[in-house]
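Chemist: The structure follows.
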Amino acid sequence: MATRLNDDTIPGSPWTIDAARGAANQPRAAIPVIGPDDVVPIVPGHDLWDMWQIARADGSTVIAGGRSWWFFLATPQLDDPEARHDRARIRLTSHGADGWRDHGWVYEPGFTPGSREWSGSAVLEADGETLTMYFTAAGRHGGAPSFEQRLFETRGRFTVDGDTPHLSGWSEPMESFAADDHWYARADETEAPATGIKGFRDPGFFRDPATGHDYLLFVGTAGWTTEQLNGVIGVAERTATGWSLRAPMVHALGVNSELERPHIVMHAGRYYLFWSTQGRRFAPGLGAPTGLYGMVADRFEGPWRPINGTGLVAANPTNEPFQAYCWWVTGELDVISFVDYWGLGDGVYPSDPARRRPRFGGTAAPWFRLAIDGDRVTIA
């Protein structure tokens with residue numbers, strides 16, 4: 001059994017109950033209601049969700065051939081959209097003046113070591129061609145079904161001829177680092193509990209401009225406590241011999257169990273750490289919505305303080321609480337997400353797969369942009 005640390009020895013900056021409670025009933029943070037005209041498939045007959053762009057090490061979005069380049073998790077449409085997590089693979093798309101285009105699967109079946117591929121990040125090096133993909137391998141290729149999560153990276157070549165992309169020469173996937181069973185619990189469950197699976201996923205690259213040091217952020221589960229609400233944002237630092245785990249940057253003990261897709265955006269010399277989480281992952285009674293959350297710091301080491309005093313940046317509207325998820329903020333402060341369960345009307349989660357299928361968007365949601373003024377971040 002994990003040992004519970006004293007409050008004064010818990011690592012990282014806390015996201016407190018009081019801050020999260022303040023995220024309830026914030027109508028100014030609500031994104032517009034998604035309508036039928038917003039639900040445009042990127043790949044007909046397929047569902048697409050969590051996404052990340054090809055970025056430079058400084059966080060700026062790569063534009064090549066007049067387009068930005070995005071990886072999505074994807075599957076052919078299934079009878080139950082919730083089954084998509086068991087078959088997810090990474091797919092390349094691009095976005096330009098004519099909207100979205102599809103460019104196919106990134107890896108051949110069986111190339112990556114998991115039974116499916118989950119989210120990550122992608123960095124284009126200074127030569128303009130060498131691309132490193134950081135991703136989550138879920139389960140094991142050829143193994144029994146599980147929710148095991150491991151972090152991997154592979155390097156290839158990315159070029160654009162006109163507006164046609166070419167991905168080639170991927171190196172053998174290499175495990176970046178593993179959970180240590182101290183700061184971070186191992187995510188190796190064979191069945192998903194009702195309270196949500198443990199986390200060791202979503203590697204997000206960040207280079208600190210103050211030091212030039214490279215980091216990988218990830219969603220983790222605190223390894224030192226038996227608290228059920230035990231979400232943390234973990235970090236590893238690149239050293240001369242590889243990645244080295246560090247103590248968590250942020251923890252949400254007693255508040256939230258899942259701080260997903262963490263990533264940092266620099267603005268006016270400050271560090272803005274963003275993540276997504278769902279309303280059902282909060283402590284009972286808090287009333288905080290599904291949305292984009294974050295903290296801000298004056299240096300990478302922290303301390304981190306909740307953006308807007310609560311952490312909430314943008315949220316689904318109260319009458320459509322499930323309409324979008326997985327918000328990703330670019331270095332240019334543009335925000336993308338995917339259309340989840342939209343047009344419900346009654347705001348009730350569709351528990352029946354037959355009702356879920358027609359209401360699941362499975363495509364990119366409308367973009368919006370952030371405005372930043374110190375610790376205040378709002379929808380522009």
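Chain labels run A, B, ... following the order of the structure tokens; each chain numbers its residues from 1, and ligands are numbered from 1 in the order shown.
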Could you tell me, as a PyMOL selection string, which residues of range 175-365 of chain A DSSP assigns to strand (DSSP E) when given the backbone?

Modeler: chain A and resi 175-177+200-207+214-221+231-239+242-251+260-267+270-277+291-297+305-306+312-315+324-329+334-339

Chemist: Using DSSP assignments from the backbone, pull out every residue in range 135-377 of chain A that falls under helix (DSSP H, G or I) and give it to me as a list in words.

Modeler: Gly279, Arg280, Arg281, Ile307, Asn308, Gly309, Pro353, Ala354, Arg355, Arg356, Arg357, Pro358 and Arg359 of chain A

Chemist: Would you save the residues of that selection, restricted to N, CA and C atoms, as a compact mmCIF listing (two decimals), in the first residue's frame?

Modeler:
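Produced file again.txt, reproduced below:
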```
# COMPACT_ATOMS: atom_id res chain seq x y z
N GLY A 279 -16.24 16.80 -15.92
CA GLY A 279 -16.95 17.11 -14.69
C GLY A 279 -17.08 15.92 -13.75
N ARG A 280 -17.20 14.73 -14.31
CA ARG A 280 -17.39 13.55 -13.47
C ARG A 280 -16.13 13.13 -12.74
N ARG A 281 -14.99 13.74 -13.04
CA ARG A 281 -13.74 13.39 -12.37
C ARG A 281 -13.46 14.26 -11.14
N ILE A 307 -5.13 29.70 -12.96
CA ILE A 307 -5.58 30.75 -13.86
C ILE A 307 -6.97 31.20 -13.43
N ASN A 308 -7.20 32.49 -13.48
CA ASN A 308 -8.49 33.09 -13.11
C ASN A 308 -8.90 32.78 -11.68
N GLY A 309 -7.94 32.35 -10.87
CA GLY A 309 -8.22 32.05 -9.48
C GLY A 309 -8.85 30.71 -9.24
N PRO A 353 -25.83 2.92 -26.00
CA PRO A 353 -25.02 3.04 -27.21
C PRO A 353 -25.81 3.45 -28.45
N ALA A 354 -27.05 2.99 -28.55
CA ALA A 354 -27.87 3.33 -29.72
C ALA A 354 -28.17 4.83 -29.76
N ARG A 355 -28.20 5.46 -28.60
CA ARG A 355 -28.40 6.91 -28.56
C ARG A 355 -27.08 7.65 -28.70
N ARG A 356 -26.02 7.02 -28.26
CA ARG A 356 -24.72 7.68 -28.37
C ARG A 356 -24.27 7.85 -29.82
N ARG A 357 -24.50 6.82 -30.63
CA ARG A 357 -23.94 6.84 -31.97
C ARG A 357 -24.35 8.09 -32.79
N PRO A 358 -25.62 8.41 -32.90
CA PRO A 358 -25.98 9.58 -33.71
C PRO A 358 -25.61 10.91 -33.08
N ARG A 359 -25.29 10.92 -31.80
CA ARG A 359 -24.99 12.18 -31.12
C ARG A 359 -23.49 12.40 -30.93
```

Chemist: Which is closest to Gly287 in chain A among A:Val43, A:Leu131, A:Ala23, A:Ile10, if we use only C-alpha atoms?

Modeler: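 Using only C-alpha atoms, Gly287 in chain A sits closest to A:Ala23.
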
Chemist: Mind dumping a table of every range 7-62 of chain A residue within 8 Å of range 72-92 of chain A, with the nearest atom pair and its distance in Å to one decimal, using only C-alpha atoms, sorted by chain and rising number, as a tab-separated table?

Modeler:
```
residue	atom	partner	partner_atom	distance
A:Gly45	CA	A:Gln77	CA	5.7
A:His46	CA	A:Pro76	CA	4.1
A:Asp47	CA	A:Gln77	CA	5.5
A:Leu48	CA	A:Ala74	CA	4.4
A:Trp49	CA	A:Leu73	CA	5.5
A:Asp50	CA	A:Phe72	CA	5.5
A:Met51	CA	A:Phe72	CA	4.3
A:Trp52	CA	A:Phe72	CA	6.8
```

Chemist: With C-alpha atoms retained, write the just-selected residues as a PDB file, in the first residue's frame.

Modeler:
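Writing the result to result.pdb gives the following:
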```
ATOM      1  CA  GLY A  45     -16.953   6.881 -41.918  1.00  0.00           C
ATOM      2  CA  HIS A  46     -14.376   7.495 -39.179  1.00  0.00           C
ATOM      3  CA  ASP A  47     -14.357   9.035 -35.721  1.00  0.00           C
ATOM      4  CA  LEU A  48     -11.521  11.395 -34.811  1.00  0.00           C
ATOM      5  CA  TRP A  49     -10.821  12.822 -31.379  1.00  0.00           C
ATOM      6  CA  ASP A  50      -7.722  13.830 -29.325  1.00  0.00           C
ATOM      7  CA  MET A  51      -5.327  15.883 -31.443  1.00  0.00           C
ATOM      8  CA  TRP A  52      -1.932  17.623 -31.464  1.00  0.00           C
TER       9      TRP A  52
END
```

Chemist: Would you mind listing what lies within 9 Å of Gly242 in chain A as a list in words, with only C-alpha atoms counted and same-chain residues fewer than 5 positions away left out?

Modeler: Ser176, Phe177 and Glu237 of chain A

Chemist: How about saving the chosen residues, C-alpha atoms kept, as a short mmCIF file (atom, residue, chain, number, x, y, z; two decimals), in the first residue's frame?

Modeler:
```cif
data_model
loop_
_atom_site.label_atom_id
_atom_site.label_comp_id
_atom_site.auth_asym_id
_atom_site.auth_seq_id
_atom_site.Cartn_x
_atom_site.Cartn_y
_atom_site.Cartn_z
CA SER A 176 10.88 7.17 -22.95
CA PHE A 177 10.62 6.30 -19.25
CA GLU A 237 13.63 16.12 -17.80
#
```

Chemist: For a quick check of understanding, using only C-alpha atoms, which of A:Thr112, A:Thr225, A:Ser13, A:Gln149 has the smallest distance to Trp170 in chain A?

Modeler: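 Nearest to Trp170 in chain A: A:Thr112.
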
Chemist: Taking a cut-off of 12 Å and counting only C-alpha atoms, can you build a table that, for each residue of range 238-350 of chain A near range 118-124 of chain A, reports the nearest atom pair and how far apart they are in Å (one decimal), sorted by chain then residue number, as CSV?

Modeler:
```
residue,atom,partner,partner_atom,distance
A:Glu260,CA,A:Ser119,CA,9.8
A:Arg261,CA,A:Ser119,CA,7.7
A:Pro262,CA,A:Gly120,CA,9.7
A:His263,CA,A:Ser121,CA,9.2
A:Ile264,CA,A:Ser121,CA,11.7
A:Cys326,CA,A:Ser119,CA,10.4
A:Trp328,CA,A:Ser121,CA,10.7
A:Thr330,CA,A:Ser121,CA,11.6
```

Chemist: Hey, what's within 12 Å of Asp163 in chain A if we count only C-alpha atoms and toss same-chain stuff fewer than 2 positions away? As JSON, numbers by chain, please?

Modeler: {"A": [63, 64, 65, 66, 67, 68, 69, 93, 94, 95, 96, 101, 102, 103, 159, 160, 161, 165, 166]}

Chemist: Counting only C-alpha atoms, what are the residues of range 265-329 of chain A within 12 Å of range 254-258 of chain A, and for each of them which pair of atoms is the nearest and at what distance in Å, to one decimal? Sort the table by chain and rising number, as a Markdown table.

Modeler:
```
| residue | atom | partner | partner_atom | distance |
| --- | --- | --- | --- | --- |
| A:Trp275 | CA | A:Glu258 | CA | 9.4 |
| A:Ser276 | CA | A:Glu258 | CA | 8.4 |
| A:Thr277 | CA | A:Glu258 | CA | 6.2 |
| A:Gln278 | CA | A:Glu258 | CA | 8.0 |
| A:Gly279 | CA | A:Asn256 | CA | 9.0 |
| A:Arg280 | CA | A:Asn256 | CA | 8.8 |
| A:Arg281 | CA | A:Asn256 | CA | 5.4 |
| A:Phe282 | CA | A:Asn256 | CA | 4.4 |
| A:Ala283 | CA | A:Val255 | CA | 5.2 |
| A:Pro284 | CA | A:Val255 | CA | 8.9 |
| A:Gly285 | CA | A:Val255 | CA | 10.5 |
| A:Leu286 | CA | A:Val255 | CA | 8.5 |
| A:Gly287 | CA | A:Val255 | CA | 11.3 |
| A:Ala288 | CA | A:Asn256 | CA | 10.1 |
| A:Pro289 | CA | A:Asn256 | CA | 11.7 |
| A:Thr290 | CA | A:Glu258 | CA | 11.4 |
| A:Tyr293 | CA | A:Glu258 | CA | 11.7 |
```

Chemist: Under the rule that only C-alpha atoms are counted, which of A:Gly99, A:Thr318, A:Gly110, A:Arg116 is the nearest residue to Pro145 in chain A?

Modeler: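 Comparing A:Gly99, A:Thr318, A:Gly110, A:Arg116 against Pro145 in chain A, the winner is A:Arg116.
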